[in-house]
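Below is the file my_file-v4.tsv, which contains TSV, C-alpha atoms.
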```tsv
chain	number	residue	atom	x	y	z
S	1	MET	CA	-55.61	-94.74	78.72
S	2	PRO	CA	-59.26	-95.87	79.01
S	3	LEU	CA	-61.15	-96.46	75.78
S	4	SER	CA	-63.99	-94.16	74.76
S	5	SER	CA	-67.54	-95.48	74.51
S	6	GLU	CA	-67.32	-95.51	70.71
S	7	GLN	CA	-64.08	-97.48	70.80
S	8	MET	CA	-65.52	-99.97	73.30
S	9	SER	CA	-68.59	-100.43	71.12
S	10	MET	CA	-66.44	-101.14	68.06
S	11	LEU	CA	-64.28	-103.56	70.05
S	12	ARG	CA	-67.31	-105.45	71.36
S	13	VAL	CA	-68.84	-105.76	67.90
S	14	VAL	CA	-65.61	-107.18	66.47
S	15	MET	CA	-65.05	-109.65	69.29
S	16	ARG	CA	-68.66	-110.81	69.49
S	17	SER	CA	-68.91	-111.31	65.74
S	18	ILE	CA	-65.78	-113.45	65.56
S	19	GLY	CA	-66.58	-115.16	68.86
S	20	THR	CA	-70.00	-116.26	67.59
S	21	VAL	CA	-68.42	-117.93	64.56
S	22	SER	CA	-65.86	-119.60	66.82
S	23	VAL	CA	-68.55	-121.00	69.12
S	24	LEU	CA	-70.60	-122.39	66.20
S	25	LEU	CA	-67.61	-124.06	64.54
S	26	ASN	CA	-66.29	-125.61	67.75
S	27	VAL	CA	-69.72	-126.90	68.80
S	28	THR	CA	-70.06	-128.48	65.35
S	29	LEU	CA	-66.60	-130.04	65.75
S	30	ILE	CA	-67.60	-131.60	69.08
S	31	ALA	CA	-70.85	-132.93	67.60
S	32	CYS	CA	-68.97	-134.52	64.68
S	33	VAL	CA	-66.47	-136.25	66.96
S	34	ILE	CA	-69.27	-137.61	69.15
S	35	ALA	CA	-71.59	-138.70	66.34
S	36	LEU	CA	-69.19	-140.03	63.68
S	37	LYS	CA	-67.12	-143.17	64.33
S	38	ARG	CA	-64.45	-142.07	61.88
S	39	PHE	CA	-63.44	-139.43	64.46
S	40	HIS	CA	-63.25	-141.80	67.42
S	41	LYS	CA	-59.47	-141.44	67.40
S	42	PRO	CA	-57.09	-139.94	70.00
S	43	MET	CA	-56.19	-136.86	67.95
S	44	SER	CA	-59.83	-136.06	67.16
S	45	ILE	CA	-60.76	-136.53	70.82
S	46	LEU	CA	-57.99	-134.13	71.84
S	47	GLN	CA	-59.28	-131.64	69.29
S	48	ALA	CA	-62.79	-132.01	70.71
S	49	ASN	CA	-61.41	-131.35	74.20
S	50	LEU	CA	-59.69	-128.22	72.98
S	51	ALA	CA	-62.85	-127.17	71.13
S	52	GLY	CA	-64.85	-127.42	74.35
S	53	LEU	CA	-62.35	-125.21	76.14
S	54	GLU	CA	-62.37	-122.71	73.28
S	55	VAL	CA	-66.18	-122.55	73.31
S	56	ILE	CA	-66.06	-121.36	76.92
S	57	GLN	CA	-63.17	-119.01	76.14
S	58	ALA	CA	-65.17	-117.42	73.31
S	59	ALA	CA	-68.23	-117.21	75.58
S	60	MET	CA	-66.22	-114.98	77.93
S	61	TYR	CA	-65.80	-112.47	75.11
S	62	LEU	CA	-69.47	-112.72	74.16
S	63	ILE	CA	-70.45	-111.86	77.72
S	64	GLY	CA	-68.04	-108.93	77.74
S	65	ASN	CA	-67.10	-106.62	80.61
S	66	GLU	CA	-70.36	-104.71	81.10
S	67	ILE	CA	-71.39	-106.99	83.97
S	68	ALA	CA	-68.47	-105.65	86.02
S	69	LYS	CA	-70.71	-102.65	86.81
S	70	THR	CA	-74.19	-104.14	86.57
S	71	SER	CA	-73.55	-107.45	88.39
S	72	PRO	CA	-70.22	-107.71	90.28
S	73	THR	CA	-71.10	-111.19	91.59
S	74	THR	CA	-71.65	-112.54	88.08
S	75	CYS	CA	-68.45	-110.83	86.97
S	76	PHE	CA	-66.61	-112.59	89.80
S	77	VAL	CA	-67.83	-116.02	88.67
S	78	VAL	CA	-67.08	-115.24	85.02
S	79	GLY	CA	-63.59	-114.01	85.93
S	80	ILE	CA	-62.73	-117.22	87.78
S	81	THR	CA	-64.05	-119.26	84.85
S	82	ALA	CA	-62.02	-117.15	82.42
S	83	GLN	CA	-58.77	-117.68	84.33
S	84	PHE	CA	-59.30	-121.43	84.49
S	85	PHE	CA	-60.27	-121.97	80.85
S	86	PHE	CA	-57.81	-119.44	79.40
S	87	SER	CA	-55.06	-121.41	81.12
S	88	SER	CA	-56.58	-124.73	80.02
S	89	VAL	CA	-56.44	-123.71	76.35
S	90	THR	CA	-52.74	-122.95	76.75
S	91	PHE	CA	-51.93	-126.26	78.40
S	92	MET	CA	-54.10	-128.35	76.05
S	93	THR	CA	-52.45	-126.80	72.98
S	94	PHE	CA	-49.07	-127.77	74.43
S	95	ILE	CA	-50.32	-131.29	75.22
S	96	ILE	CA	-51.51	-131.82	71.64
S	97	SER	CA	-48.06	-130.85	70.35
S	98	LEU	CA	-46.48	-133.21	72.87
S	99	TYR	CA	-48.79	-136.03	71.75
S	100	VAL	CA	-47.72	-135.55	68.12
S	101	TYR	CA	-44.06	-135.43	69.19
S	102	LEU	CA	-44.34	-138.79	70.99
S	103	SER	CA	-46.31	-140.33	68.11
S	104	ILE	CA	-43.67	-139.43	65.52
S	105	LEU	CA	-40.45	-139.98	67.47
S	106	ASN	CA	-41.68	-143.16	69.13
S	107	ARG	CA	-45.03	-144.59	68.12
S	108	GLN	CA	-48.68	-143.86	68.71
S	109	GLY	CA	-48.96	-146.54	71.39
S	110	VAL	CA	-46.35	-144.74	73.48
S	111	ALA	CA	-48.16	-141.41	73.05
S	112	GLU	CA	-51.48	-142.93	74.14
S	113	ARG	CA	-49.88	-144.47	77.22
S	114	TYR	CA	-49.88	-141.03	78.91
S	115	TRP	CA	-53.51	-140.22	78.08
S	116	TYR	CA	-54.64	-139.55	81.65
S	117	TYR	CA	-51.50	-137.54	82.38
S	118	TYR	CA	-52.37	-135.19	79.52
S	119	HIS	CA	-55.70	-134.29	81.08
S	120	GLY	CA	-54.30	-134.27	84.59
S	121	TYR	CA	-51.64	-131.79	83.57
S	122	THR	CA	-54.08	-129.55	81.67
S	123	TYR	CA	-56.74	-129.24	84.33
S	124	GLY	CA	-54.42	-129.61	87.32
S	125	MET	CA	-52.19	-126.74	86.23
S	126	SER	CA	-55.23	-124.61	85.38
S	127	ALA	CA	-56.69	-125.18	88.85
S	128	LEU	CA	-53.32	-124.34	90.42
S	129	PHE	CA	-52.97	-120.98	88.67
S	130	THR	CA	-56.61	-120.15	89.35
S	131	GLY	CA	-56.20	-120.90	93.06
S	132	LEU	CA	-53.06	-118.81	93.25
S	133	LEU	CA	-55.14	-115.76	92.32
S	134	PHE	CA	-56.89	-115.86	95.68
S	135	VAL	CA	-53.70	-116.64	97.57
S	136	MET	CA	-52.07	-113.55	96.09
S	137	GLU	CA	-55.21	-111.50	96.72
S	138	ALA	CA	-54.94	-112.34	100.43
S	139	VAL	CA	-51.23	-111.52	100.45
S	140	LEU	CA	-51.29	-108.28	98.42
S	141	LYS	CA	-54.64	-106.93	99.70
S	142	ARG	CA	-55.42	-104.56	96.83
S	143	GLY	CA	-59.12	-105.29	96.71
S	144	SER	CA	-61.00	-107.83	94.61
S	145	VAL	CA	-58.72	-109.81	92.32
S	146	ILE	CA	-61.50	-110.15	89.71
S	147	GLY	CA	-62.84	-107.13	87.83
S	148	ASP	CA	-63.12	-105.27	84.53
S	149	ALA	CA	-60.27	-106.39	82.26
S	150	THR	CA	-61.37	-104.35	79.17
S	151	PHE	CA	-62.10	-107.37	76.98
S	152	GLU	CA	-63.90	-109.45	79.61
S	153	CYS	CA	-64.27	-109.97	83.34
S	154	TRP	CA	-60.91	-111.35	84.43
S	155	ILE	CA	-58.01	-110.28	86.65
S	156	SER	CA	-58.63	-106.78	87.98
S	157	PRO	CA	-56.50	-103.81	86.81
S	158	SER	CA	-55.37	-103.54	90.45
S	159	TYR	CA	-53.30	-106.70	89.92
S	160	PRO	CA	-51.46	-106.24	86.60
S	161	ASP	CA	-48.52	-108.24	87.93
S	162	LEU	CA	-50.77	-111.27	88.47
S	163	ARG	CA	-51.82	-111.17	84.82
S	164	ILE	CA	-48.16	-111.45	83.90
S	165	ASN	CA	-47.10	-114.01	86.50
S	166	LEU	CA	-50.15	-116.27	86.59
S	167	PHE	CA	-51.12	-116.25	82.92
S	168	TYR	CA	-48.68	-114.67	80.47
S	169	VAL	CA	-45.52	-116.23	81.88
S	170	PRO	CA	-46.98	-119.78	81.62
S	171	LEU	CA	-48.29	-118.85	78.17
S	172	TRP	CA	-44.86	-117.70	76.99
S	173	ILE	CA	-43.08	-120.68	78.54
S	174	HIS	CA	-45.40	-123.21	76.89
S	175	SER	CA	-45.16	-121.36	73.58
S	176	GLY	CA	-41.40	-121.81	73.82
S	177	PHE	CA	-41.89	-125.51	74.56
S	178	ILE	CA	-44.12	-125.80	71.49
S	179	PHE	CA	-41.47	-124.22	69.25
S	180	ALA	CA	-38.85	-126.56	70.75
S	181	ILE	CA	-41.07	-129.59	70.08
S	182	TYR	CA	-41.51	-128.78	66.40
S	183	ALA	CA	-37.84	-127.92	66.00
S	184	ARG	CA	-36.99	-131.35	67.42
S	185	ILE	CA	-39.52	-133.08	65.15
S	186	PHE	CA	-38.13	-131.44	62.00
S	187	ALA	CA	-34.55	-132.18	63.07
S	188	PHE	CA	-35.54	-135.81	63.63
S	189	LEU	CA	-37.18	-136.08	60.21
S	190	ARG	CA	-34.20	-134.45	58.52
S	191	SER	CA	-31.65	-136.76	60.15
S	192	HIS	CA	-33.69	-139.86	59.35
S	193	SER	CA	-34.23	-138.75	55.77
S	194	LYS	CA	-30.48	-138.46	55.32
S	195	ALA	CA	-29.83	-141.82	56.98
S	196	LYS	CA	-32.56	-143.49	54.93
S	197	ARG	CA	-31.01	-142.19	51.71
S	198	GLU	CA	-27.62	-143.59	52.67
S	199	TYR	CA	-29.21	-146.89	53.55
S	200	ASN	CA	-31.00	-147.06	50.21
S	201	ILE	CA	-27.78	-146.29	48.36
S	202	GLN	CA	-26.00	-149.16	50.12
S	203	THR	CA	-28.82	-151.60	49.42
S	204	GLY	CA	-29.00	-150.54	45.77
S	205	ILE	CA	-32.48	-149.03	45.92
S	206	ILE	CA	-30.89	-145.76	44.83
S	207	PRO	CA	-27.78	-146.30	42.62
S	208	SER	CA	-24.74	-144.46	43.82
S	209	ALA	CA	-22.44	-142.53	41.54
S	210	PRO	CA	-19.47	-144.56	40.20
S	211	GLU	CA	-16.29	-144.08	42.17
S	212	THR	CA	-13.92	-141.76	40.33
S	213	ARG	CA	-10.24	-142.28	41.02
S	214	PRO	CA	-7.08	-142.51	38.86
S	215	ALA	CA	-6.92	-145.89	37.12
S	216	SER	CA	-3.79	-148.00	37.47
S	217	PHE	CA	-1.69	-149.06	34.50
S	218	GLN	CA	-3.05	-152.58	34.80
S	219	GLU	CA	-6.66	-151.37	34.62
S	220	VAL	CA	-5.93	-149.16	31.60
S	221	SER	CA	-4.23	-151.98	29.73
S	222	ASN	CA	-7.06	-154.40	30.50
S	223	HIS	CA	-9.56	-151.86	29.22
S	224	SER	CA	-7.65	-151.32	26.01
S	225	GLU	CA	-7.56	-155.08	25.40
S	226	SER	CA	-11.31	-155.51	25.96
S	227	LYS	CA	-12.96	-153.10	23.59
S	228	ASP	CA	-15.74	-155.55	22.87
S	229	SER	CA	-16.90	-155.56	26.53
S	230	PRO	CA	-17.21	-152.10	28.03
S	231	PHE	CA	-18.20	-153.56	31.44
S	232	LYS	CA	-15.34	-156.08	31.70
S	233	VAL	CA	-13.45	-156.11	34.97
S	234	SER	CA	-9.74	-156.68	35.39
S	235	SER	CA	-8.83	-160.17	36.57
S	236	SER	CA	-6.74	-158.80	39.38
S	237	HIS	CA	-9.84	-157.23	40.88
S	238	ARG	CA	-12.03	-160.25	40.13
S	239	ASP	CA	-9.85	-162.46	42.31
S	240	SER	CA	-9.46	-159.88	45.00
S	241	SER	CA	-11.13	-160.43	48.36
S	242	ASN	CA	-12.48	-156.89	48.24
S	243	THR	CA	-16.08	-157.01	47.00
S	244	SER	CA	-16.08	-153.57	45.35
S	245	PHE	CA	-15.54	-153.63	41.60
S	246	VAL	CA	-13.90	-151.00	39.45
S	247	PHE	CA	-15.88	-150.33	36.30
S	248	VAL	CA	-14.77	-148.41	33.30
S	249	ALA	CA	-18.39	-147.69	32.39
S	250	GLY	CA	-21.87	-148.55	33.58
S	251	SER	CA	-23.59	-148.39	36.95
S	252	VAL	CA	-22.72	-150.17	40.16
S	253	PRO	CA	-24.46	-153.55	40.46
S	254	HIS	CA	-26.78	-154.03	43.41
S	255	SER	CA	-25.34	-157.33	44.54
S	256	LYS	CA	-21.75	-156.17	45.02
S	257	LEU	CA	-21.29	-153.49	47.66
S	258	PRO	CA	-18.58	-152.64	50.14
S	259	LYS	CA	-19.03	-154.53	53.38
S	260	ASP	CA	-16.97	-152.13	55.45
S	261	ARG	CA	-19.33	-149.13	55.01
S	262	LYS	CA	-21.85	-148.77	57.79
S	263	THR	CA	-24.55	-146.21	58.30
S	264	GLU	CA	-25.44	-145.28	61.83
S	265	VAL	CA	-29.17	-145.17	62.27
S	266	PRO	CA	-30.39	-142.45	64.62
S	267	LYS	CA	-31.98	-143.89	67.71
S	268	GLY	CA	-35.72	-143.71	68.06
S	269	GLY	CA	-38.26	-143.75	65.30
S	270	HIS	CA	-39.24	-146.24	62.64
S	271	GLU	CA	-37.04	-148.57	60.62
S	272	LEU	CA	-35.38	-146.93	57.69
S	273	VAL	CA	-36.64	-149.52	55.25
S	274	LYS	CA	-40.09	-148.07	55.80
S	275	SER	CA	-41.32	-144.56	55.24
S	276	ILE	CA	-39.83	-142.01	57.62
S	277	ILE	CA	-43.27	-140.76	58.61
S	278	SER	CA	-46.59	-142.41	57.84
S	279	ASN	CA	-49.46	-140.59	56.17
S	280	ALA	CA	-51.39	-140.66	59.43
S	281	ASN	CA	-48.51	-139.01	61.28
S	282	LYS	CA	-48.16	-136.45	58.48
S	283	LYS	CA	-51.78	-135.49	59.04
S	284	LEU	CA	-51.17	-135.32	62.80
S	285	LEU	CA	-48.19	-133.05	62.23
S	286	VAL	CA	-50.12	-130.72	59.92
S	287	LYS	CA	-53.10	-130.50	62.29
S	288	ALA	CA	-51.09	-129.88	65.43
S	289	GLY	CA	-48.70	-127.52	63.63
S	290	VAL	CA	-51.51	-125.29	62.37
S	291	MET	CA	-53.20	-125.30	65.77
S	292	ALA	CA	-49.98	-124.40	67.58
S	293	LEU	CA	-49.08	-121.68	65.08
S	294	GLY	CA	-52.57	-120.22	65.27
S	295	PHE	CA	-52.48	-120.22	69.06
S	296	VAL	CA	-49.18	-118.35	69.18
S	297	VAL	CA	-50.23	-115.86	66.49
S	298	SER	CA	-53.53	-115.18	68.27
S	299	TRP	CA	-51.77	-114.20	71.47
S	300	VAL	CA	-49.00	-112.07	69.91
S	301	PRO	CA	-51.00	-108.77	69.99
S	302	ALA	CA	-52.18	-109.38	73.57
S	303	SER	CA	-48.64	-110.23	74.67
S	304	THR	CA	-47.32	-107.08	72.98
S	305	GLY	CA	-49.89	-104.94	74.78
S	306	ARG	CA	-49.10	-106.61	78.08
S	307	VAL	CA	-45.37	-105.89	77.66
S	308	LEU	CA	-46.12	-102.24	76.79
S	309	ALA	CA	-48.21	-101.97	79.96
S	310	LEU	CA	-45.06	-102.66	82.00
S	311	PHE	CA	-43.74	-99.24	80.97
S	312	PRO	CA	-45.81	-96.36	82.42
S	313	SER	CA	-44.73	-93.95	79.69
S	314	ALA	CA	-45.84	-96.27	76.88
S	315	THR	CA	-49.44	-96.25	75.66
S	316	ALA	CA	-50.85	-98.99	73.45
S	317	PRO	CA	-52.47	-97.54	70.29
S	318	PHE	CA	-56.09	-98.33	69.56
S	319	TRP	CA	-55.23	-100.40	66.50
S	320	LEU	CA	-53.23	-102.73	68.77
S	321	THR	CA	-56.28	-103.03	71.02
S	322	ILE	CA	-58.40	-104.00	68.00
S	323	LEU	CA	-55.78	-106.54	66.91
S	324	THR	CA	-55.77	-107.94	70.42
S	325	GLY	CA	-59.54	-108.33	70.32
S	326	VAL	CA	-59.37	-110.03	66.93
S	327	GLY	CA	-56.61	-112.37	68.10
S	328	LEU	CA	-58.34	-113.37	71.33
S	329	SER	CA	-61.75	-113.98	69.77
S	330	SER	CA	-60.30	-115.89	66.79
S	331	CYS	CA	-58.17	-118.21	68.90
S	332	GLY	CA	-60.79	-120.96	68.55
S	333	LEU	CA	-60.95	-120.77	64.75
S	334	TRP	CA	-57.63	-122.51	64.12
S	335	ASN	CA	-58.54	-125.84	65.70
S	336	SER	CA	-61.97	-126.07	64.08
S	337	GLY	CA	-60.64	-124.71	60.78
S	338	ILE	CA	-57.94	-127.36	60.36
S	339	PHE	CA	-60.35	-130.06	61.54
S	340	PHE	CA	-62.86	-129.36	58.79
S	341	LEU	CA	-60.20	-128.56	56.19
S	342	THR	CA	-58.46	-131.94	56.58
S	343	TRP	CA	-61.87	-133.63	56.54
S	344	PHE	CA	-63.27	-132.05	53.37
S	345	TRP	CA	-60.09	-131.26	51.46
S	346	PRO	CA	-59.63	-134.76	49.94
S	347	THR	CA	-63.22	-134.62	48.63
S	348	PHE	CA	-62.75	-131.13	47.15
S	349	SER	CA	-59.37	-132.05	45.71
S	350	LYS	CA	-60.72	-135.20	44.07
S	351	PHE	CA	-63.76	-133.34	42.72
S	352	TYR	CA	-61.80	-130.47	41.16
S	353	SER	CA	-59.03	-132.74	39.84
S	354	THR	CA	-61.72	-134.87	38.12
S	355	ARG	CA	-63.31	-131.77	36.62
S	356	ALA	CA	-59.92	-130.53	35.42
S	357	ALA	CA	-59.15	-133.90	33.83
S	358	ASN	CA	-62.52	-133.99	32.10
S	359	ALA	CA	-62.07	-130.45	30.85
S	360	THR	CA	-58.62	-131.31	29.48
S	361	ALA	CA	-59.92	-134.44	27.75
S	362	SER	CA	-62.83	-132.49	26.25
S	363	HIS	CA	-60.46	-129.78	25.01
S	364	ARG	CA	-58.19	-132.35	23.35
S	365	PHE	CA	-61.20	-134.05	21.74
S	366	THR	CA	-62.41	-130.71	20.38
S	367	ASN	CA	-58.98	-129.88	18.97
S	368	ALA	CA	-58.74	-133.29	17.35
S	369	SER	CA	-62.19	-132.92	15.77
S	370	GLU	CA	-61.29	-129.50	14.41
S	371	ALA	CA	-58.06	-130.86	12.99
S	372	ARG	CA	-59.91	-133.70	11.19
S	373	SER	CA	-62.50	-131.33	9.74
S	374	GLY	CA	-59.80	-128.94	8.61
S	375	SER	CA	-57.94	-131.69	6.81
S	376	GLY	CA	-61.10	-132.96	5.13
S	377	ILE	CA	-61.11	-136.32	6.83
```
How would this structure read if it were set down as structure tokens?
Amino acid sequence: MPLSSEQMSMLRVVMRSIGTVSVLLNVTLIACVIALKRFHKPMSILQANLAGLEVIQAAMYLIGNEIAKTSPTTCFVVGITAQFFFSSVTFMTFIISLYVYLSILNRQGVAERYWYYYHGYTYGMSALFTGLLFVMEAVLKRGSVIGDATFECWISPSYPDLRINLFYVPLWIHSGFIFAIYARIFAFLRSHSKAKREYNIQTGIIPSAPETRPASFQEVSNHSESKDSPFKVSSSHRDSSNTSFVFVAGSVPHSKLPKDRKTEVPKGGHELVKSIISNANKKLLVKAGVMALGFVVSWVPASTGRVLALFPSATAPFWLTILTGVGLSSCGLWNSGIFFLTWFWPTFSKFYSTRAANATASHRFTNASEARSGSGI
């Protein structure tokens, strides 16, 4: 059901307000990456690429759909641009997750080896799905493939199947890939954490619990005869070729461990003697995870509305339309938000932790002074 003029006005205000903030934040992100050497890193450059795509995506919502009636030619150009850059945002978000996956499971050098492939895939796939619009227009012959799409100039309502096949299906597929990537990363970290713990137990970094088993008669008698030495070992075990000792009390020494126990180290990743994941990779994982989650969340209302449109008897409520507008226009806030948060958070954290420490010290000093005055000292 078409929206009323009042509903369209409300929708445009919401989308243009959020879209303006998105454009400003992403332009600032790009300027920071260009101007500051501290951001001349692969992940920051990928974020700047995504920010540039999201600036154009937000600009589509700022322009709106009014030009579909006032200037069909301009609407046509805007619609082609929208299809290309909407798709590019999807593919670039997937590529960033893939980059983090390769950096953690292998190493950053391996991830950077495919740098040109990342951009080739993003823009090549976007050009392919944009070109297919005109191929399908020539085949289906339902009129212009670009027109008023409610939120912007995009694929015409005469081709609802092309919106599904040439945008939403790739969107859903790549969202599934993104979930699979992070599931694999967390499974990798979990398996290596377990293997690292076993390795540390064997090397004595983490003491293992003493082995509990029924003691033989010989061990009991030796213990009863050696009350002055609670850690004394039976001579039969001292001369044994087996390197594991049986203690009545105390912890297992680090130098004597079973030689027959082996821990299989999962293939791929860093050595277990080091940290499972470096601080730099932790930051990569947090950044990419927030960006991927925000991307998926932003497109959930639009995807829901698109699925409802497949059923003629179903009508999307207006609140879902508003949520769709909020999700689409806020899609660019996640990337810029996590960029600035990870930049300024250490400064804020240090500042407020220092203030808290000073306040605590001042409070203790005040209490001590009051106690001295109360005791007459």
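If all atoms listed in the file are the atoms counted, then among S:Leu284, S:Thr122, S:Val89, S:Glu112 the closest residue to Val296 of chain S is S:Val89.
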Find the residues near Thr93 of chain S: any atom within 12 Å, counting all atoms listed in the file, skip ones fewer than 4 places away on the same chain, and give them as an MDAnalysis selection string.
chainID S and resid 43 46:51 53:54 86:89 97:100 118:119 121:122 171 174:175 177:179 287:296 331:332 334:335
All residues 10 Å or closer to Thr81 of chain S, only C-alpha atoms, same chain fewer than 3 positions away omitted, as a list in words
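Answer for this query is Ile56, Gln57, Met60, Cys75, Phe76, Val77, Val78, Phe84, Phe85, Phe86, Ser87, Thr130, Cys153 and Trp154 of chain S.
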Can you tell me, as AutoDock Vina command-line options, the centre and edge lengths (Å, one decimal) of the axis-aligned box enclosing all of segment 136-142 of chain S's listed atoms after padding each side by 4 Å?
```
--center_x -53.3 --center_y -109.1 --center_z 98.3 --size_x 12.2 --size_y 17.0 --size_z 12.4
```
Quick one: distance from atom CA of Ile146 of chain S to atom CA of Ile80 of chain S in Å, one decimal?
7.4 Å
Excluding same-chain residues fewer than 3 positions from Ser22 of chain S, what lies within 9 Å of it counting only C-alpha atoms, as number ranges by chain?
S: 17-19, 25-27, 54-55, 58, 329-333, 336
Point-to-point distance in Å for atom CA of Ser71 of chain S and atom CA of Ser5 of chain S:
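Atom CA of Ser71 of chain S lies at a distance of 19.3 Å from atom CA of Ser5 of chain S.
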Missing atoms in segment 97-111 of chain S should be modelled up to N, CA, C and O atoms and reported as a PDB file, in the coordinates of the input.
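part-v1.pdb, written as the output of this step:
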```pdb
ATOM      1  N   SER S  97     -49.377-130.833  70.994  1.00  0.00           N
ATOM      2  CA  SER S  97     -48.060-130.850  70.350  1.00  0.00           C
ATOM      3  C   SER S  97     -47.185-131.946  70.925  1.00  0.00           C
ATOM      4  O   SER S  97     -46.454-132.622  70.189  1.00  0.00           O
ATOM      5  N   LEU S  98     -47.256-132.145  72.231  1.00  0.00           N
ATOM      6  CA  LEU S  98     -46.480-133.210  72.870  1.00  0.00           C
ATOM      7  C   LEU S  98     -46.939-134.580  72.395  1.00  0.00           C
ATOM      8  O   LEU S  98     -46.117-135.486  72.173  1.00  0.00           O
ATOM      9  N   TYR S  99     -48.243-134.757  72.232  1.00  0.00           N
ATOM     10  CA  TYR S  99     -48.790-136.030  71.750  1.00  0.00           C
ATOM     11  C   TYR S  99     -48.249-136.344  70.350  1.00  0.00           C
ATOM     12  O   TYR S  99     -47.857-137.486  70.063  1.00  0.00           O
ATOM     13  N   VAL S 100     -48.241-135.346  69.476  1.00  0.00           N
ATOM     14  CA  VAL S 100     -47.720-135.550  68.120  1.00  0.00           C
ATOM     15  C   VAL S 100     -46.220-135.864  68.162  1.00  0.00           C
ATOM     16  O   VAL S 100     -45.731-136.721  67.421  1.00  0.00           O
ATOM     17  N   TYR S 101     -45.500-135.191  69.036  1.00  0.00           N
ATOM     18  CA  TYR S 101     -44.060-135.430  69.190  1.00  0.00           C
ATOM     19  C   TYR S 101     -43.791-136.895  69.565  1.00  0.00           C
ATOM     20  O   TYR S 101     -42.945-137.564  68.962  1.00  0.00           O
ATOM     21  N   LEU S 102     -44.530-137.402  70.551  1.00  0.00           N
ATOM     22  CA  LEU S 102     -44.340-138.790  70.990  1.00  0.00           C
ATOM     23  C   LEU S 102     -44.779-139.770  69.913  1.00  0.00           C
ATOM     24  O   LEU S 102     -44.169-140.835  69.750  1.00  0.00           O
ATOM     25  N   SER S 103     -45.820-139.430  69.158  1.00  0.00           N
ATOM     26  CA  SER S 103     -46.310-140.330  68.110  1.00  0.00           C
ATOM     27  C   SER S 103     -45.298-140.471  66.988  1.00  0.00           C
ATOM     28  O   SER S 103     -45.141-141.560  66.417  1.00  0.00           O
ATOM     29  N   ILE S 104     -44.605-139.397  66.645  1.00  0.00           N
ATOM     30  CA  ILE S 104     -43.670-139.430  65.520  1.00  0.00           C
ATOM     31  C   ILE S 104     -42.310-139.982  65.942  1.00  0.00           C
ATOM     32  O   ILE S 104     -41.729-140.831  65.257  1.00  0.00           O
ATOM     33  N   LEU S 105     -41.787-139.540  67.060  1.00  0.00           N
ATOM     34  CA  LEU S 105     -40.450-139.980  67.470  1.00  0.00           C
ATOM     35  C   LEU S 105     -40.456-141.368  68.081  1.00  0.00           C
ATOM     36  O   LEU S 105     -39.414-142.035  68.099  1.00  0.00           O
ATOM     37  N   ASN S 106     -41.579-141.809  68.574  1.00  0.00           N
ATOM     38  CA  ASN S 106     -41.680-143.160  69.130  1.00  0.00           C
ATOM     39  C   ASN S 106     -42.727-143.930  68.322  1.00  0.00           C
ATOM     40  O   ASN S 106     -42.457-144.405  67.249  1.00  0.00           O
ATOM     41  N   ARG S 107     -43.903-144.023  68.851  1.00  0.00           N
ATOM     42  CA  ARG S 107     -45.030-144.590  68.120  1.00  0.00           C
ATOM     43  C   ARG S 107     -46.301-144.174  68.832  1.00  0.00           C
ATOM     44  O   ARG S 107     -46.273-143.708  69.961  1.00  0.00           O
ATOM     45  N   GLN S 108     -47.422-144.361  68.169  1.00  0.00           N
ATOM     46  CA  GLN S 108     -48.680-143.860  68.710  1.00  0.00           C
ATOM     47  C   GLN S 108     -49.044-144.550  70.019  1.00  0.00           C
ATOM     48  O   GLN S 108     -49.649-143.956  70.905  1.00  0.00           O
ATOM     49  N   GLY S 109     -48.666-145.826  70.147  1.00  0.00           N
ATOM     50  CA  GLY S 109     -48.960-146.540  71.390  1.00  0.00           C
ATOM     51  C   GLY S 109     -48.278-145.899  72.588  1.00  0.00           C
ATOM     52  O   GLY S 109     -48.848-145.854  73.690  1.00  0.00           O
ATOM     53  N   VAL S 110     -47.058-145.417  72.393  1.00  0.00           N
ATOM     54  CA  VAL S 110     -46.350-144.740  73.480  1.00  0.00           C
ATOM     55  C   VAL S 110     -47.038-143.429  73.825  1.00  0.00           C
ATOM     56  O   VAL S 110     -47.183-143.079  75.000  1.00  0.00           O
ATOM     57  N   ALA S 111     -47.479-142.685  72.813  1.00  0.00           N
ATOM     58  CA  ALA S 111     -48.160-141.410  73.050  1.00  0.00           C
ATOM     59  C   ALA S 111     -49.468-141.623  73.817  1.00  0.00           C
ATOM     60  O   ALA S 111     -49.818-140.837  74.698  1.00  0.00           O
TER      61      ALA S 111
END
```
